[in-house]
Structures are given as C-alpha cells and as structure tokens.
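my_file_30.txt (compact mmCIF, C-alpha atoms)
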```txt
# COMPACT_ATOMS: atom_id res chain seq x y z
CA MET O 1 0.00 0.00 0.00
CA TYR O 2 1.21 3.50 -0.82
CA GLN O 3 1.41 6.00 2.03
CA THR O 4 -0.28 9.36 1.53
CA ASN O 5 3.08 11.12 1.82
CA SER O 6 4.80 8.91 -0.77
CA TYR O 7 6.54 10.32 -3.83
CA PRO O 8 5.54 9.57 -7.41
CA ASP O 9 6.94 6.41 -8.96
CA LEU O 10 9.87 6.99 -11.29
CA ILE O 11 10.91 6.22 -14.85
CA ILE O 12 14.51 7.16 -15.69
CA LEU O 13 15.24 7.85 -19.35
CA GLY O 14 18.99 7.64 -19.87
CA SER O 15 19.46 5.85 -16.57
CA THR O 16 23.11 4.88 -17.10
CA GLY O 17 24.40 8.42 -17.70
CA SER O 18 25.64 10.94 -15.15
CA VAL O 19 22.27 12.47 -14.23
CA GLY O 20 20.44 9.16 -14.66
CA THR O 21 22.65 7.40 -12.14
CA GLN O 22 22.17 10.29 -9.72
CA ALA O 23 18.41 9.90 -10.12
CA ALA O 24 18.91 6.23 -9.23
CA ASP O 25 20.86 7.38 -6.14
CA VAL O 26 17.93 9.55 -5.06
CA ALA O 27 15.43 6.75 -5.70
CA ARG O 28 17.59 4.38 -3.66
CA GLY O 29 17.94 6.85 -0.80
CA HIS O 30 14.22 7.60 -0.55
CA GLY O 31 12.78 4.24 -1.49
CA ILE O 32 11.14 5.59 -4.65
CA PRO O 33 9.88 2.74 -6.87
CA VAL O 34 11.59 2.72 -10.29
CA ARG O 35 9.12 1.57 -12.92
CA GLY O 36 11.31 1.90 -16.01
CA VAL O 37 14.92 2.43 -17.11
CA THR O 38 16.45 3.09 -20.53
CA ALA O 39 19.84 3.25 -22.20
CA HIS O 40 21.34 3.05 -25.67
CA ARG O 41 23.88 0.19 -25.53
CA ASP O 42 25.07 -0.21 -21.92
CA VAL O 43 23.50 -3.62 -21.33
CA ALA O 44 25.56 -4.48 -18.24
CA ALA O 45 24.57 -1.30 -16.40
CA ILE O 46 20.89 -1.72 -17.24
CA GLU O 47 20.97 -5.34 -16.14
CA ALA O 48 22.38 -4.26 -12.77
CA GLN O 49 19.61 -1.65 -12.41
CA ILE O 50 16.96 -4.22 -13.29
CA ARG O 51 18.23 -6.60 -10.63
CA GLU O 52 18.33 -3.83 -8.02
CA PHE O 53 15.12 -1.91 -8.76
CA HIS O 54 12.94 -4.58 -10.45
CA PRO O 55 11.32 -2.16 -12.94
CA ASP O 56 8.33 -3.14 -15.05
CA PHE O 57 10.10 -2.00 -18.23
CA ALA O 58 13.60 -1.59 -19.64
CA VAL O 59 14.26 -0.10 -23.06
CA MET O 60 17.44 -0.22 -25.13
CA THR O 61 17.31 2.15 -28.08
CA ASP O 62 19.86 -0.06 -29.88
CA GLU O 63 18.06 -3.13 -31.26
CA ALA O 64 20.99 -5.53 -30.80
CA ALA O 65 21.48 -4.37 -27.21
CA ALA O 66 17.78 -4.95 -26.54
CA ALA O 67 18.03 -8.54 -27.76
CA ASP O 68 21.10 -9.11 -25.59
CA LEU O 69 19.40 -7.61 -22.52
CA LYS O 70 16.24 -9.64 -23.07
CA ALA O 71 18.26 -12.86 -22.93
CA ARG O 72 20.20 -11.74 -19.84
CA VAL O 73 17.13 -10.82 -17.76
CA ALA O 74 14.77 -13.56 -18.89
CA ASP O 75 14.62 -14.74 -15.28
CA THR O 76 13.12 -11.41 -14.12
CA GLY O 77 9.68 -9.87 -14.51
CA THR O 78 11.00 -6.87 -16.46
CA LYS O 79 9.65 -6.41 -19.99
CA VAL O 80 12.41 -5.44 -22.43
CA LEU O 81 11.53 -3.15 -25.34
CA ALA O 82 13.60 -1.71 -28.19
CA GLY O 83 14.05 1.64 -29.89
CA PHE O 84 12.33 4.96 -29.35
CA GLU O 85 9.02 3.30 -30.13
CA GLY O 86 9.79 1.10 -27.12
CA ILE O 87 10.12 4.23 -24.98
CA ARG O 88 6.80 5.48 -26.32
CA GLU O 89 5.14 2.13 -25.59
CA MET O 90 6.52 2.08 -22.05
CA LEU O 91 5.34 5.62 -21.31
CA GLY O 92 1.91 4.92 -22.76
CA THR O 93 1.29 1.62 -20.96
CA VAL O 94 3.00 1.88 -17.57
CA LYS O 95 0.48 1.67 -14.73
CA THR O 96 0.74 2.43 -11.03
CA GLU O 97 -1.47 2.31 -7.96
CA ASN O 98 0.44 5.29 -6.57
CA PRO O 99 -2.07 8.18 -6.27
CA MET O 100 0.77 10.58 -7.07
CA GLY O 101 1.34 8.91 -10.43
CA VAL O 102 4.64 8.67 -12.29
CA THR O 103 7.48 11.13 -12.75
CA VAL O 104 9.59 10.65 -15.89
CA GLU O 105 13.13 11.93 -15.50
CA ASN O 106 14.49 12.57 -19.00
CA SER O 107 18.29 12.61 -19.00
CA ILE O 108 18.80 11.29 -22.54
CA LEU O 109 21.68 13.09 -24.25
CA GLY O 110 21.27 15.41 -27.22
CA GLU O 111 18.36 16.13 -29.53
CA ALA O 112 17.39 12.48 -29.23
CA GLY O 113 15.72 13.48 -25.96
CA LEU O 114 13.10 15.68 -27.66
CA ALA O 115 10.78 12.91 -28.82
CA PRO O 116 10.70 11.21 -25.37
CA THR O 117 9.89 14.58 -23.80
CA LEU O 118 6.92 14.91 -26.14
CA TYR O 119 5.90 11.28 -25.47
CA THR O 120 5.98 11.95 -21.71
CA LEU O 121 3.72 14.98 -21.95
CA GLU O 122 1.37 13.18 -24.36
CA ALA O 123 1.08 10.30 -21.87
CA GLY O 124 0.16 12.71 -19.08
CA HIS O 125 3.13 11.99 -16.81
CA ARG O 126 4.98 14.53 -14.72
CA LEU O 127 8.24 15.51 -16.45
CA ALA O 128 11.54 16.10 -14.65
CA LEU O 129 13.66 17.48 -17.46
CA ALA O 130 17.44 17.09 -17.57
CA ASN O 131 17.62 17.00 -21.39
CA LYS O 132 18.25 20.63 -22.29
CA GLU O 133 18.01 19.94 -26.03
CA SER O 134 14.27 19.29 -25.67
CA LEU O 135 13.82 23.01 -25.05
CA VAL O 136 16.70 24.26 -27.18
CA VAL O 137 15.59 22.31 -30.25
CA GLY O 138 11.82 22.12 -29.75
CA GLY O 139 10.97 24.56 -26.98
CA GLU O 140 7.96 26.01 -28.80
CA LEU O 141 6.49 22.52 -29.32
CA VAL O 142 7.26 21.33 -25.79
CA MET O 143 5.79 24.34 -24.02
CA ALA O 144 2.67 24.35 -26.22
CA LEU O 145 2.05 20.70 -25.37
CA CYS O 146 2.84 21.34 -21.71
CA HIS O 147 0.33 24.20 -21.46
CA ALA O 148 -2.33 22.26 -23.39
CA ALA O 149 -1.95 19.35 -20.96
CA GLY O 150 -1.99 21.65 -17.93
CA ARG O 151 1.37 20.25 -16.88
CA GLU O 152 4.37 21.76 -15.10
CA ILE O 153 7.91 20.88 -16.18
CA LEU O 154 10.27 20.30 -13.27
CA PRO O 155 13.74 21.41 -14.41
CA VAL O 156 16.73 19.32 -13.31
CA ASP O 157 19.50 21.61 -14.61
CA SER O 158 21.00 23.23 -11.52
CA GLU O 159 20.36 26.78 -12.76
CA HIS O 160 16.78 26.20 -13.85
CA CYS O 161 16.00 24.19 -10.74
CA ALA O 162 17.25 27.21 -8.77
CA ILE O 163 15.13 29.64 -10.80
CA PHE O 164 12.11 27.37 -10.39
CA GLN O 165 12.55 27.51 -6.62
CA CYS O 166 13.13 31.28 -6.58
CA MET O 167 9.97 31.77 -8.64
CA ARG O 168 7.95 30.52 -5.67
CA ALA O 169 8.71 33.84 -3.94
CA GLY O 170 6.46 35.86 -6.23
CA ARG O 171 4.14 35.84 -9.22
CA PRO O 172 5.39 35.48 -12.81
CA GLU O 173 4.20 38.98 -13.75
CA GLU O 174 6.30 40.41 -10.91
CA VAL O 175 9.60 39.07 -12.31
CA ARG O 176 11.93 41.80 -13.55
CA LYS O 177 14.99 39.76 -14.45
CA ILE O 178 16.50 36.31 -14.19
CA TRP O 179 20.13 36.16 -13.11
CA LEU O 180 21.58 33.00 -14.64
CA THR O 181 24.86 32.08 -12.95
CA ALA O 182 27.86 30.61 -14.78
CA SER O 183 31.06 29.15 -13.39
CA GLY O 184 33.02 30.67 -16.25
CA GLY O 185 34.49 27.27 -17.13
CA PRO O 186 38.17 26.29 -17.11
CA PHE O 187 39.24 29.20 -19.34
CA TYR O 188 37.77 32.12 -17.43
CA SER O 189 39.84 35.29 -18.05
CA TYR O 190 41.67 33.71 -21.02
CA THR O 191 42.31 35.86 -24.08
CA LYS O 192 41.51 34.78 -27.64
CA GLU O 193 45.22 34.25 -28.20
CA GLN O 194 45.48 31.96 -25.17
CA LEU O 195 42.53 29.90 -26.40
CA THR O 196 44.43 28.97 -29.56
CA ALA O 197 46.77 26.80 -27.47
CA VAL O 198 44.35 25.00 -25.11
CA THR O 199 44.17 21.22 -25.25
CA LYS O 200 41.38 18.68 -25.03
CA ALA O 201 42.59 17.61 -21.59
CA GLN O 202 42.50 21.21 -20.32
CA THR O 203 39.01 21.67 -21.75
CA LEU O 204 37.65 18.59 -19.98
CA ALA O 205 38.99 19.73 -16.58
CA HIS O 206 35.92 21.64 -15.35
CA PRO O 207 36.62 23.56 -12.11
CA THR O 208 33.34 22.63 -10.39
CA TRP O 209 31.11 20.01 -11.99
CA LYS O 210 31.72 16.39 -12.98
CA MET O 211 29.91 16.04 -16.30
CA GLY O 212 30.05 14.20 -19.61
CA ALA O 213 32.64 15.26 -22.19
CA LYS O 214 30.27 17.07 -24.55
CA ILE O 215 28.60 19.25 -21.90
CA THR O 216 32.02 19.98 -20.36
CA VAL O 217 33.22 21.36 -23.70
CA ASP O 218 30.01 23.39 -23.98
CA SER O 219 30.70 24.82 -20.53
CA ALA O 220 34.20 25.84 -21.61
CA THR O 221 32.91 27.67 -24.73
CA LEU O 222 29.93 29.16 -22.80
CA MET O 223 27.67 27.41 -25.32
CA ASN O 224 26.07 25.54 -22.44
CA LYS O 225 25.16 28.85 -20.82
CA GLY O 226 23.70 30.01 -24.12
CA PHE O 227 21.55 26.89 -24.22
CA GLU O 228 20.44 27.65 -20.68
CA VAL O 229 19.31 31.13 -21.72
CA ILE O 230 17.14 29.49 -24.39
CA GLU O 231 15.77 27.03 -21.82
CA ALA O 232 14.96 29.84 -19.39
CA VAL O 233 13.08 31.82 -22.04
CA HIS O 234 10.84 28.83 -22.73
CA LEU O 235 10.45 27.49 -19.19
CA PHE O 236 9.68 30.77 -17.48
CA GLY O 237 8.00 32.75 -20.24
CA VAL O 238 10.48 35.64 -20.24
CA LYS O 239 12.11 37.59 -23.05
CA PRO O 240 15.76 36.90 -23.99
CA GLN O 241 16.77 40.38 -22.81
CA ASP O 242 15.33 39.61 -19.38
CA VAL O 243 17.89 36.86 -18.76
CA GLN O 244 21.26 38.15 -17.52
CA VAL O 245 24.18 35.73 -17.35
CA VAL O 246 26.55 36.44 -14.44
CA VAL O 247 29.86 34.67 -13.84
CA HIS O 248 29.96 33.36 -10.28
CA ARG O 249 33.14 31.36 -9.82
CA GLU O 250 32.25 29.87 -6.45
CA SER O 251 29.19 28.06 -7.93
CA MET O 252 27.31 28.26 -4.63
CA ILE O 253 24.50 30.49 -5.90
CA HIS O 254 22.88 28.47 -8.66
CA SER O 255 20.76 31.33 -10.03
CA MET O 256 18.63 34.25 -8.87
CA VAL O 257 15.34 35.95 -9.68
CA GLU O 258 14.94 39.72 -9.41
CA TYR O 259 11.42 41.04 -8.80
CA ASN O 260 9.87 44.36 -9.72
CA ASP O 261 10.60 45.78 -6.24
CA TYR O 262 14.32 45.08 -6.89
CA SER O 263 14.39 42.23 -4.39
CA ILE O 264 16.65 39.42 -5.55
CA ILE O 265 15.92 35.88 -4.38
CA ALA O 266 18.86 33.46 -4.68
CA GLN O 267 19.06 29.68 -4.29
CA MET O 268 22.24 28.32 -2.74
CA SER O 269 23.60 24.86 -2.01
CA VAL O 270 26.76 22.84 -2.47
CA PRO O 271 27.30 22.11 -6.19
CA ASP O 272 25.79 18.63 -6.30
CA MET O 273 23.37 17.62 -9.07
CA ARG O 274 21.64 15.21 -6.72
CA HIS O 275 20.08 18.23 -5.03
CA CYS O 276 18.36 19.21 -8.29
CA VAL O 277 17.33 15.65 -9.06
CA GLN O 278 15.91 15.16 -5.57
CA TYR O 279 13.96 18.41 -5.67
CA ALA O 280 12.41 17.51 -9.02
CA LEU O 281 11.50 14.00 -7.90
CA THR O 282 10.03 15.00 -4.51
CA HIS O 283 8.43 18.37 -5.42
CA PRO O 284 6.32 19.99 -3.99
CA CYS O 285 7.82 18.53 -0.81
CA ARG O 286 11.33 19.18 0.43
CA SER O 287 12.89 15.93 1.55
CA THR O 288 15.83 15.57 3.86
CA ALA O 289 19.20 15.32 2.14
CA GLU O 290 20.91 13.87 5.19
CA GLY O 291 23.18 11.03 4.18
CA VAL O 292 22.84 11.98 0.50
CA MET O 293 24.48 15.42 0.25
CA LYS O 294 26.52 17.80 2.38
CA PRO O 295 25.06 21.03 3.83
CA LEU O 296 26.48 24.34 2.63
CA ASP O 297 29.00 25.85 5.07
CA LEU O 298 28.89 29.61 4.50
CA PHE O 299 31.90 30.18 6.76
CA GLU O 300 33.92 27.85 4.57
CA VAL O 301 32.74 29.62 1.40
CA GLY O 302 33.87 32.95 2.84
CA LYS O 303 33.03 35.19 -0.12
CA LEU O 304 30.94 35.30 -3.28
CA THR O 305 32.06 37.08 -6.45
CA PHE O 306 30.25 38.15 -9.62
CA ALA O 307 31.44 39.31 -13.04
CA ARG O 308 30.08 39.98 -16.52
CA PRO O 309 30.67 37.23 -19.11
CA ASP O 310 33.22 37.97 -21.84
CA THR O 311 31.13 37.49 -24.98
CA GLU O 312 33.89 38.85 -27.22
CA THR O 313 36.23 36.01 -26.32
CA PHE O 314 33.37 33.49 -25.95
CA PRO O 315 30.89 34.56 -28.66
CA LEU O 316 28.64 31.47 -28.56
CA LEU O 317 26.73 32.87 -25.58
CA ARG O 318 25.79 35.96 -27.58
CA LEU O 319 24.99 33.78 -30.62
CA ALA O 320 22.54 31.71 -28.55
CA VAL O 321 20.69 34.85 -27.48
CA ASP O 322 20.45 35.89 -31.15
CA CYS O 323 19.08 32.44 -32.05
CA ILE O 324 16.28 32.41 -29.46
CA THR O 325 15.40 35.98 -30.45
CA LEU O 326 14.95 34.81 -34.06
CA GLY O 327 13.06 31.70 -32.91
CA GLY O 328 11.60 28.97 -35.08
CA ALA O 329 14.15 26.31 -36.00
CA VAL O 330 17.20 28.57 -35.58
CA PRO O 331 18.00 27.26 -32.04
CA ALA O 332 17.79 23.72 -33.47
CA VAL O 333 20.38 24.70 -36.08
CA LEU O 334 22.61 26.07 -33.32
CA ASN O 335 22.36 22.84 -31.34
CA ALA O 336 22.93 20.55 -34.34
CA ALA O 337 25.95 22.47 -35.59
CA ASN O 338 27.42 22.55 -32.11
CA GLU O 339 26.99 18.78 -31.63
CA VAL O 340 28.89 18.03 -34.84
CA VAL O 341 31.64 20.58 -34.21
CA VAL O 342 32.18 19.55 -30.57
CA ALA O 343 32.37 15.90 -31.64
CA ALA O 344 35.10 16.91 -34.08
CA PHE O 345 36.98 18.70 -31.30
CA LEU O 346 36.73 15.69 -29.00
CA GLN O 347 38.20 13.53 -31.77
CA GLU O 348 40.93 16.18 -32.09
CA LYS O 349 40.02 17.04 -35.66
CA ILE O 350 39.81 20.76 -34.92
CA ARG O 351 41.16 23.18 -32.30
CA PHE O 352 39.16 24.60 -29.41
CA CYS O 353 39.28 28.11 -30.85
CA GLU O 354 37.64 26.88 -34.07
CA ILE O 355 34.46 25.61 -32.36
CA ALA O 356 32.79 29.02 -32.19
CA GLU O 357 33.90 29.89 -35.72
CA TYR O 358 32.33 26.83 -37.34
CA VAL O 359 29.11 26.93 -35.32
CA THR O 360 28.63 30.63 -36.09
CA ARG O 361 29.11 30.11 -39.83
CA VAL O 362 26.47 27.38 -39.96
CA VAL O 363 23.96 29.49 -38.04
CA GLU O 364 24.60 32.58 -40.17
CA ASP O 365 23.92 30.53 -43.33
CA MET O 366 20.64 29.12 -41.98
CA LYS O 367 18.89 32.04 -40.25
CA GLY O 368 16.09 31.74 -42.79
CA VAL O 369 14.60 28.81 -40.84
CA SER O 370 13.23 31.21 -38.22
CA ASN O 371 9.76 30.64 -39.68
CA TRP O 372 9.99 26.82 -39.45
CA HIS O 373 7.90 25.73 -36.46
CA SER O 374 6.59 22.18 -36.98
CA TYR O 375 8.32 19.07 -35.60
CA ASP O 376 9.12 17.81 -39.11
CA SER O 377 10.58 21.14 -40.24
CA ILE O 378 12.66 21.43 -37.07
CA MET O 379 14.07 17.95 -37.66
CA GLU O 380 14.78 18.90 -41.28
CA ALA O 381 16.65 22.00 -40.15
CA ASP O 382 18.58 19.84 -37.66
CA GLY O 383 19.67 17.49 -40.44
CA LEU O 384 20.64 20.30 -42.81
CA ALA O 385 22.71 21.98 -40.10
CA ARG O 386 24.60 18.76 -39.42
CA GLN O 387 25.32 18.31 -43.12
CA SER O 388 26.51 21.90 -43.36
CA ALA O 389 28.79 21.56 -40.32
CA ARG O 390 30.34 18.32 -41.61
CA ALA O 391 30.97 19.81 -45.03
CA LEU O 392 32.38 23.00 -43.55
CA ILE O 393 35.10 21.29 -41.55
CA GLY O 394 35.78 18.53 -44.05
CA HIS O 395 34.61 15.65 -41.86
CA ASN O 396 33.75 13.34 -44.72
CA GLU O 397 37.26 13.45 -46.14
CA ARG O 398 38.73 12.67 -42.70
CA GLY O 399 36.43 9.77 -42.04
CA PHE O 400 34.67 11.58 -39.21
CA THR O 401 31.33 10.17 -38.06
CA PRO O 402 29.73 11.94 -35.06
```

Can the structure from this file be put into structure tokens for me?
Amino acid sequence: MYQTNSYPDLIILGSTGSVGTQAADVARGHGIPVRGVTAHRDVAAIEAQIREFHPDFAVMTDEAAAADLKARVADTGTKVLAGFEGIREMLGTVKTENPMGVTVENSILGEAGLAPTLYTLEAGHRLALANKESLVVGGELVMALCHAAGREILPVDSEHCAIFQCMRAGRPEEVRKIWLTASGGPFYSYTKEQLTAVTKAQTLAHPTWKMGAKITVDSATLMNKGFEVIEAVHLFGVKPQDVQVVVHRESMIHSMVEYNDYSIIAQMSVPDMRHCVQYALTHPCRSTAEGVMKPLDLFEVGKLTFARPDTETFPLLRLAVDCITLGGAVPAVLNAANEVVVAAFLQEKIRFCEIAEYVTRVVEDMKGVSNWHSYDSIMEADGLARQSARALIGHNERGFTP
C-alpha cells in the first residue's frame, strides 16, 4: 500500500548516464519505486539496475542491445523493449497504484531526448527534465504541449531548478529579471590568443562540476550557458533580454530571480546535481538530504564574487541569445551544428578556438529557418545543419562520423 506522503513512482530515461545514475541514487535513498529504465547500448549497467530496482520496463534504443538484454534478464519480470518506439510504448502503458502517479526523468543526451519529452507529456506523466536539447531544439512545441496538458515541467538543470525555486517567492508577472549564474568554465579570463593553445585535456577539466565530455566542452565555450538562456526563455516565459548571465566562480548560488521591487531571491547549495534531481523527484515537498548530500557551510565559502561574461572572447553565448530571439528552427540549427563541431573537437580534428567559428558560420547561413515551427521542419533543419557543419570542416574526407 502507498502511504499518503509517498513520492511519485519513477521512470529514468537515460538511466546509465551521469544524471540518470544520480536519479537512481535519489530513488535508492528515498525508497522511490523505479518503474522503467532506458539506455542506448550499456547492457551491463541496465541489467544491474533491473536486478536492483525490479522495474516493469527496460528499453534499449539499440536493437541488438535490446536482444542481448532480453536474454540476460529472462529470469526477471521486467519487460524489455527496443528503440524509441519502445520508450513510447513504455510511457503509454505503464500503470501504477500510486495516487501521485509517475514522474519521468528525461536525461537522454542530445536532440534524441526531444521525442521522449513529447511522449511523456502526451502520456500525461509529470516531467523532470534534464535533457536541455528538448527546449533548445523544440521549446515552442514542448511548451505548447505542456500548457495544453496543464502540466508543469520540473527542471533538473541546476540553474533552472534554482530559478524554479526562486519563482515561488512571487508571481510570474512580478519578475523583472532572471540572473543565470555561470562558473566561467576552465578558461575564465583567457584571451583569444590563449585559447588557440588550449588542449582537449584542459578543456575537460571543469573547475566545479563532474559532467560528460560534450557538456564539459560546452561549458568551456559558454555554449552551455547560451543553451540555458534558451531554456529559461521557454520554461519561465520571459524575453531573452530579461535573462542576464553572471559569472559566479564559487558556484554556490545556482541562479537568482529579481522582482519588480528590486528584491533578488537566490538559491544556494553545495554544487551537487543530486540536489536538483531530488527536488524535481520530490516536489512539492522538500525531503531531507541527510546522508545523501553535504550542507552548505557559508563560513567555509567565505566570499561570493560576480562578473560579466566575456562574450567577445566566448561569442557562442551571444549567438545563442540571437538564435532564441529569431526563434523557429534557428535554435535547433545552433544545437545541431554545435553537436557536430564539438564531436570533431573531441576527436581532435579541430582546435578549441575553431568551435565558435564553425558553429557561427552554420547558423549565419541558416537564419532563414526562423519561420519553421513544426516538428518535421525542425528535424529537417537539424539534419541540414549537421550536413553543413560536416561539409564545412571537411569531416567526410577525414572519415569523421559523429
């Protein structure tokens, strides 16, 4: 029997990745039933999760991996499905006796997470969103579906989770400005000349957060912060000019909301993504974090500093603001070009300083897609941007396959 104070059951999309495993940590710590898990090819990790959490469903988006998993867990009661249609089937058929229903935590990487976000909202589940590309690529579609369903998206990104919490201090029409904090990445205060010599290893050494390689590169170029501006515009219904990025090296304030009386409400905690995951999974309650995370010691922090971002040296932040201002499929072009170019950098096909150059050129060539709004047209723009980026940096000749 479910207790009246229980949390919703949980489905973790992308359960073997960084955020997905942290969601599993939270579920483990609070005894939240896990009803479904998904991955692309990591069969061993999914098998371990099945044997620990006993979910009703497991989905591998790779067909061969699904067949392998099905054979491995034949002795369990978990139904194994394949592909993105398998994710859709799971979301549409999962059932629970829990009166609080099901929360779907979407931590799938890249634009591949957009369709599962739409499936989740269509199925009527509560969405805890860690896949930023859902809003960057298809924000107009996602928010329209969200409003039509009368649903609230619970953001898992640390900054948007912070803004979401700060928004509880007032009404949306009273918001004057959102202050979106940024760590500044590993190359804060570098000049353009210094950036020409940075290495892949230096780029992946983020000063605060432990993240996947792609998002760590995006943090270093400030592209990730640009994506977060786009997310904030969609999630909180504000204009691009009402989102101010501020570099906060200590990463203790995760973002702030300024109201029309000039009061600024800030959310602070130790930089631990499990805080954001836990808040999304247990909202509207606040659950104890004892034994899961450390409390914030303000005496140890000592001081907090703030600075303006350098958009001359790191132009992708400014480019992202231009893209969301144009709207339509332009943010999808930005995301697609960036994915291809960053993949090239990680394979050491191009230099760090070339990332912004190539992404900017693709976007400049495709600004005409600002009036493309349907899912199919957005996906078409995504594909064209990838083709353009590959051609621009000569990937085909070098055997590059992102």

task = Show which residues sit within 10 Å of segment 272-289 of chain O, as a PyMOL selection string. Count only C-alpha atoms, and ignore same-chain residues fewer than 2 positions away.
result = chain O and resi 5-10+18-27+29-30+32+102-105+126-130+153-162+164-165+208-211+252+269-270+291-295

message = Using all atoms listed in the file, list the residues that have an atom at most 12 Å from (21.0, -4.3, -32.2), coordinates as in the file, as number ranges by chain.
response = O: 40-43, 60-70, 81-83

query = Once you count all atoms listed in the file, which residues end up no further than 12 Å from (2.9, 37.7, -11.7) in the file's frame, shown as a list in words?
reply =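 The residues that fall inside the cut-off are Met167, Arg168, Ala169, Gly170, Arg171, Pro172, Glu173, Glu174, Val175, Arg176, Phe236, Gly237, Val238, Tyr259 and Asn260 of chain O.
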
Write out as a compact mmCIF listing (two decimals) with C-alpha atoms, in the frame of the given file each polymer residue whose atoms come within 7 Å of Cys166 of chain O, counting only C-alpha atoms; drop sequence neighbours fewer than 5 positions from it.
```txt
# COMPACT_ATOMS: atom_id res chain seq x y z
CA MET O 256 18.63 34.25 -8.87
CA VAL O 257 15.34 35.95 -9.68
CA ILE O 265 15.92 35.88 -4.38
CA ALA O 266 18.86 33.46 -4.68
CA GLN O 267 19.06 29.68 -4.29
```

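For the choices O:Asp382, O:Glu231, O:Asp322, O:Glu85, the atom-to-atom distance to Val340 of chain O is smallest for O:Asp382 when using only C-alpha atoms.
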
request  = Rank nothing, just name the residue among O:Gly383, O:Pro240, O:Pro331, O:Gly184 nearest to Phe314 of chain O, using only C-alpha atoms.
outcome  = O:Gly184

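Residues within 10 Å of Ala58 of chain O, counting all atoms listed in the file and excluding same-chain residues fewer than 3 positions away, are Ile11, Ile12, Leu13, Ser15, Arg35, Gly36, Val37, Thr38, Ala39, Ile46, Glu47, Gln49, Ile50, His54, Pro55, Thr61, Ala66, Leu69, Lys70, Thr78, Lys79, Val80, Leu81, Ala82, Gly86, Ile87 and Met90 of chain O.
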
So that I can check the surroundings of segment 113-118 of chain O, please list as a PDB file with C-alpha atoms, keeping the file's coordinate frame every protein, DNA and RNA residue that reaches within 9 Å of it, counting only C-alpha atoms and ignoring chain neighbours fewer than 3 positions away.
```pdb
ATOM      1  CA  LEU O  13      15.240   7.850 -19.350  1.00  0.00           C
ATOM      2  CA  PHE O  84      12.330   4.960 -29.350  1.00  0.00           C
ATOM      3  CA  ILE O  87      10.120   4.230 -24.980  1.00  0.00           C
ATOM      4  CA  ARG O  88       6.800   5.480 -26.320  1.00  0.00           C
ATOM      5  CA  LEU O  91       5.340   5.620 -21.310  1.00  0.00           C
ATOM      6  CA  VAL O 104       9.590  10.650 -15.890  1.00  0.00           C
ATOM      7  CA  ASN O 106      14.490  12.570 -19.000  1.00  0.00           C
ATOM      8  CA  SER O 107      18.290  12.610 -19.000  1.00  0.00           C
ATOM      9  CA  ILE O 108      18.800  11.290 -22.540  1.00  0.00           C
ATOM     10  CA  LEU O 109      21.680  13.090 -24.250  1.00  0.00           C
ATOM     11  CA  GLY O 110      21.270  15.410 -27.220  1.00  0.00           C
ATOM     12  CA  LEU O 121       3.720  14.980 -21.950  1.00  0.00           C
ATOM     13  CA  GLU O 122       1.370  13.180 -24.360  1.00  0.00           C
ATOM     14  CA  ALA O 123       1.080  10.300 -21.870  1.00  0.00           C
ATOM     15  CA  LEU O 127       8.240  15.510 -16.450  1.00  0.00           C
ATOM     16  CA  LEU O 129      13.660  17.480 -17.460  1.00  0.00           C
ATOM     17  CA  ASN O 131      17.620  17.000 -21.390  1.00  0.00           C
ATOM     18  CA  LYS O 132      18.250  20.630 -22.290  1.00  0.00           C
ATOM     19  CA  GLU O 133      18.010  19.940 -26.030  1.00  0.00           C
ATOM     20  CA  SER O 134      14.270  19.290 -25.670  1.00  0.00           C
ATOM     21  CA  LEU O 135      13.820  23.010 -25.050  1.00  0.00           C
ATOM     22  CA  VAL O 137      15.590  22.310 -30.250  1.00  0.00           C
ATOM     23  CA  GLY O 138      11.820  22.120 -29.750  1.00  0.00           C
ATOM     24  CA  LEU O 141       6.490  22.520 -29.320  1.00  0.00           C
ATOM     25  CA  VAL O 142       7.260  21.330 -25.790  1.00  0.00           C
ATOM     26  CA  LEU O 145       2.050  20.700 -25.370  1.00  0.00           C
ATOM     27  CA  CYS O 146       2.840  21.340 -21.710  1.00  0.00           C
TER      28      CYS O 146
END
```

Model the absent atoms of segment 247-260 of chain O so that N, CA and C atoms are present, and write the result as a PDB file, in the frame of the given file.
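What follows is the written file result_22.pdb:
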```pdb
ATOM      1  N   VAL O 247      28.824  35.648 -14.203  1.00  0.00           N
ATOM      2  CA  VAL O 247      29.860  34.670 -13.840  1.00  0.00           C
ATOM      3  C   VAL O 247      30.040  34.690 -12.327  1.00  0.00           C
ATOM      4  N   HIS O 248      29.884  33.526 -11.740  1.00  0.00           N
ATOM      5  CA  HIS O 248      29.960  33.360 -10.280  1.00  0.00           C
ATOM      6  C   HIS O 248      30.859  32.149 -10.030  1.00  0.00           C
ATOM      7  N   ARG O 249      32.140  32.416  -9.826  1.00  0.00           N
ATOM      8  CA  ARG O 249      33.140  31.360  -9.820  1.00  0.00           C
ATOM      9  C   ARG O 249      32.960  30.348  -8.690  1.00  0.00           C
ATOM     10  N   GLU O 250      32.379  30.775  -7.593  1.00  0.00           N
ATOM     11  CA  GLU O 250      32.250  29.870  -6.450  1.00  0.00           C
ATOM     12  C   GLU O 250      31.184  28.791  -6.658  1.00  0.00           C
ATOM     13  N   SER O 251      30.260  29.022  -7.587  1.00  0.00           N
ATOM     14  CA  SER O 251      29.190  28.060  -7.930  1.00  0.00           C
ATOM     15  C   SER O 251      28.377  27.628  -6.711  1.00  0.00           C
ATOM     16  N   MET O 252      28.137  28.549  -5.804  1.00  0.00           N
ATOM     17  CA  MET O 252      27.310  28.260  -4.630  1.00  0.00           C
ATOM     18  C   MET O 252      25.897  28.834  -4.797  1.00  0.00           C
ATOM     19  N   ILE O 253      25.799  29.976  -5.495  1.00  0.00           N
ATOM     20  CA  ILE O 253      24.500  30.490  -5.900  1.00  0.00           C
ATOM     21  C   ILE O 253      24.220  29.901  -7.275  1.00  0.00           C
ATOM     22  N   HIS O 254      23.121  29.188  -7.407  1.00  0.00           N
ATOM     23  CA  HIS O 254      22.880  28.470  -8.660  1.00  0.00           C
ATOM     24  C   HIS O 254      22.039  29.254  -9.640  1.00  0.00           C
ATOM     25  N   SER O 255      21.397  30.302  -9.214  1.00  0.00           N
ATOM     26  CA  SER O 255      20.760  31.330 -10.030  1.00  0.00           C
ATOM     27  C   SER O 255      19.889  32.182  -9.115  1.00  0.00           C
ATOM     28  N   MET O 256      19.394  33.289  -9.664  1.00  0.00           N
ATOM     29  CA  MET O 256      18.630  34.250  -8.870  1.00  0.00           C
ATOM     30  C   MET O 256      17.478  34.802  -9.710  1.00  0.00           C
ATOM     31  N   VAL O 257      16.464  35.278  -9.021  1.00  0.00           N
ATOM     32  CA  VAL O 257      15.340  35.950  -9.680  1.00  0.00           C
ATOM     33  C   VAL O 257      15.170  37.324  -9.039  1.00  0.00           C
ATOM     34  N   GLU O 258      15.152  38.351  -9.871  1.00  0.00           N
ATOM     35  CA  GLU O 258      14.940  39.720  -9.410  1.00  0.00           C
ATOM     36  C   GLU O 258      13.488  40.104  -9.687  1.00  0.00           C
ATOM     37  N   TYR O 259      12.830  40.655  -8.663  1.00  0.00           N
ATOM     38  CA  TYR O 259      11.420  41.040  -8.800  1.00  0.00           C
ATOM     39  C   TYR O 259      11.287  42.543  -9.036  1.00  0.00           C
ATOM     40  N   ASN O 260      10.069  42.971  -9.328  1.00  0.00           N
ATOM     41  CA  ASN O 260       9.870  44.360  -9.720  1.00  0.00           C
ATOM     42  C   ASN O 260      10.112  45.368  -8.584  1.00  0.00           C
TER      43      ASN O 260
END
```
